[in-house]
Every structure is written in structure tokens, then in C-alpha cells.
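Undergrad: Dropping in start_36.pdb, which is PDB, C-alpha atoms:
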```pdb
ATOM      1  CA  MET A 337     -75.528-123.993-153.865
ATOM      2  CA  THR A 338     -77.512-121.964-151.345
ATOM      3  CA  TYR A 339     -76.173-124.182-148.554
ATOM      4  CA  ASN A 340     -72.589-123.183-149.505
ATOM      5  CA  ILE A 341     -73.505-119.483-149.551
ATOM      6  CA  LYS A 342     -75.131-119.747-146.108
ATOM      7  CA  LEU A 343     -72.084-121.585-144.753
ATOM      8  CA  ILE A 344     -69.695-118.963-146.124
ATOM      9  CA  ALA A 345     -71.855-116.157-144.711
ATOM     10  CA  ALA A 346     -71.882-117.836-141.293
ATOM     11  CA  LEU A 347     -68.094-118.212-141.318
ATOM     12  CA  ILE A 348     -67.624-114.557-142.249
ATOM     13  CA  ALA A 349     -69.988-113.538-139.422
ATOM     14  CA  ILE A 350     -68.020-115.635-136.917
ATOM     15  CA  ILE A 351     -64.724-114.120-138.036
ATOM     16  CA  ALA A 352     -66.164-110.592-137.856
ATOM     17  CA  CYS A 353     -67.447-111.251-134.348
ATOM     18  CA  GLY A 354     -64.016-112.469-133.239
ATOM     19  CA  VAL A 355     -62.254-109.445-134.744
ATOM     20  CA  SER A 356     -64.659-107.026-133.037
ATOM     21  CA  PHE A 357     -63.515-108.208-129.599
ATOM     22  CA  ALA A 358     -59.810-107.782-130.352
ATOM     23  CA  GLU A 359     -58.078-104.863-128.593
ATOM     24  CA  PRO A 360     -56.235-102.226-130.612
ATOM     25  CA  ALA A 361     -52.454-102.228-130.649
ATOM     26  CA  GLN A 362     -50.711 -99.572-128.568
ATOM     27  CA  ALA A 363     -47.571 -99.056-130.591
ATOM     28  CA  GLY A 364     -45.953 -95.647-130.251
ATOM     29  CA  THR A 365     -48.373 -94.177-127.737
ATOM     30  CA  CYS A 366     -45.833 -92.555-125.411
ATOM     31  CA  GLN A 367     -47.114 -89.267-124.018
ATOM     32  CA  PRO A 368     -45.316 -86.259-122.576
ATOM     33  CA  VAL A 369     -46.639 -85.331-119.125
ATOM     34  CA  LYS A 370     -45.928 -82.647-116.540
ATOM     35  CA  ALA A 371     -46.132 -82.868-112.773
ATOM     36  CA  LYS A 372     -45.592 -80.220-110.121
ATOM     37  CA  GLY A 373     -45.242 -79.948-106.384
ATOM     38  CA  VAL A 374     -44.874 -77.160-103.829
ATOM     39  CA  GLY A 375     -43.224 -77.604-100.423
ATOM     40  CA  LYS A 376     -41.371 -75.840 -97.611
ATOM     41  CA  ASN A 377     -38.034 -77.124 -98.904
ATOM     42  CA  ILE A 378     -36.681 -78.602-102.131
ATOM     43  CA  ALA A 379     -36.860 -82.198-100.893
ATOM     44  CA  GLN A 380     -40.537 -81.882 -99.967
ATOM     45  CA  ALA A 381     -41.423 -80.133-103.241
ATOM     46  CA  THR A 382     -39.599 -82.805-105.240
ATOM     47  CA  SER A 383     -41.374 -85.553-103.307
ATOM     48  CA  TYR A 384     -44.786 -84.002-104.014
ATOM     49  CA  ALA A 385     -43.936 -83.633-107.713
ATOM     50  CA  GLN A 386     -42.794 -87.265-107.905
ATOM     51  CA  ASP A 387     -46.009 -88.413-106.232
ATOM     52  CA  ASP A 388     -47.995 -86.400-108.783
ATOM     53  CA  LEU A 389     -45.985 -87.993-111.605
ATOM     54  CA  LYS A 390     -46.560 -91.499-110.226
ATOM     55  CA  GLN A 391     -50.307 -90.864-110.025
ATOM     56  CA  THR A 392     -50.376 -89.540-113.593
ATOM     57  CA  ALA A 393     -48.443 -92.555-114.895
ATOM     58  CA  LYS A 394     -50.786 -94.882-113.004
ATOM     59  CA  SER A 395     -53.871 -93.221-114.488
ATOM     60  CA  LEU A 396     -52.378 -93.594-117.979
ATOM     61  CA  LYS A 397     -51.528 -97.248-117.189
ATOM     62  CA  GLY A 398     -47.913 -96.701-118.141
ATOM     63  CA  ARG A 399     -44.439 -96.213-116.789
ATOM     64  CA  VAL A 400     -42.086 -93.239-116.768
ATOM     65  CA  THR A 401     -39.221 -93.580-119.239
ATOM     66  CA  GLN A 402     -37.600 -90.124-119.136
ATOM     67  CA  ALA A 403     -37.846 -87.305-116.614
ATOM     68  CA  THR A 404     -36.246 -83.941-115.907
ATOM     69  CA  THR A 405     -36.815 -81.907-112.749
ATOM     70  CA  ASN A 406     -36.682 -78.123-112.406
ATOM     71  CA  CYS A 407     -36.976 -76.565-108.917
ATOM     72  CA  GLY A 408     -36.922 -72.971-107.782
ATOM     73  CA  PRO A 409     -37.942 -70.738-104.905
ATOM     74  CA  VAL A 410     -41.323 -68.990-104.792
ATOM     75  CA  ALA A 411     -42.825 -66.878-101.996
ATOM     76  CA  ASP A 412     -41.999 -68.725 -98.722
ATOM     77  CA  ALA A 413     -41.720 -72.112-100.475
ATOM     78  CA  TYR A 414     -40.134 -74.090-103.286
ATOM     79  CA  LYS A 415     -41.810 -75.242-106.477
ATOM     80  CA  CYS A 416     -40.673 -78.216-108.574
ATOM     81  CA  LYS A 417     -41.830 -79.137-112.054
ATOM     82  CA  ILE A 418     -41.143 -82.510-113.645
ATOM     83  CA  SER A 419     -41.343 -83.021-117.405
ATOM     84  CA  ALA A 420     -41.532 -86.710-118.265
ATOM     85  CA  VAL A 421     -42.510 -89.238-120.911
ATOM     86  CA  VAL A 422     -44.977 -92.002-119.995
ATOM     87  CA  CYS A 423     -45.138 -95.108-122.205
ATOM     88  CA  PRO A 424     -47.489 -98.104-121.952
ATOM     89  CA  LYS A 425     -46.315-101.033-119.856
TER      90      LYS A 425
END
```
What is this file in C-alpha cells?
TA:
Amino acid sequence: MTYNIKLIAALIAIIACGVSFAEPAQAGTCQPVKAKGVGKNIAQATSYAQDDLKQTAKSLKGRVTQATTNCGPVADAYKCKISAVVCPK
């Protein structure tokens, strides 16, 4: 009888050890992010904002699924803001 209890306890311990190393699921973890860039012209400002967005997506280990860009003039330059959604790969 005690042999069966020890065997069952050992099996439960093995299963618990295996479950503890499993990674959590990442369902529905898309995140809204913002990126911005400032440049001498609109093309340069947009390029800087896109680079910022790529870096943010890389740090979140995801990919950009939706993005909108808004650019406008500021003192002697242009400023672009990108609002995007980054989802896991």
C-alpha cells in the first residue's frame, strides 16, 4: 500500500515539474504603441518614426499589424507620429 502511495506521489511530482517549465500562452496580447520622429522634411521625419516603430516592435518581439501616420510642421522641422498595433509573431 505505501509503495503505491509513493509511486503516485512521484508521478505527481514529475508532472508538476514538467508543467512548471511550460511557457504561458500569448493569446490576445496585441499592444497599442506610438512612435515619433523629427526631421528637416516630411520624408526624413517619417523615416525616423518608422525606425522608432521597428525598434519598438523588435523589443516587444512582435510585428506591426496596423499603423496610421500623422505629420505636421513644427519650428524649422517636421514631426511625425505613428500610432500602431504590435502583436506577437
Undergrad: What does the structure give for the distance between atom CA of A:Lys376 and atom CA of A:Ala393, in Å to one decimal?
TA: 25.1 Å
Undergrad: As an exercise, work out the distance from atom CA of A:Gly373 to atom CA of A:Lys425 in Å and give it to one decimal place.
TA: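 That distance, rounded to one decimal, is 25.0 Å.
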Undergrad: List the residues selected by the PyMOL selection byres ((chain A and resi 398-405) around 8) in the file shown, writing them as number ranges by chain.
TA: A: 393-397, 406-407, 416-425
Undergrad: Would you mind reading off the distance between atom CA of A:Ala371 and atom CA of A:Pro409, one decimal, in Å?
TA: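 Distance between the two atoms: 16.6 Å.
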Undergrad: Given the choices A:Val374, A:Ile341, A:Cys366, A:Ala411, which gets closest to A:Asp387 if the distance is worked out from all atoms listed in the file?
TA: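 Once distances to A:Asp387 are computed over all atoms listed in the file, the minimum belongs to A:Val374.
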Undergrad: Return as JSON the centre and edge lengths, in Å with one decimal, of the box along x, y and z that encloses every atom of stretch 417-422 of chain A in the file, padded by 4 Å per side.
TA:
```
{"center_x": -43.1, "center_y": -85.6, "center_z": -116.5, "size_x": 11.8, "size_y": 20.9, "size_z": 16.9}
```
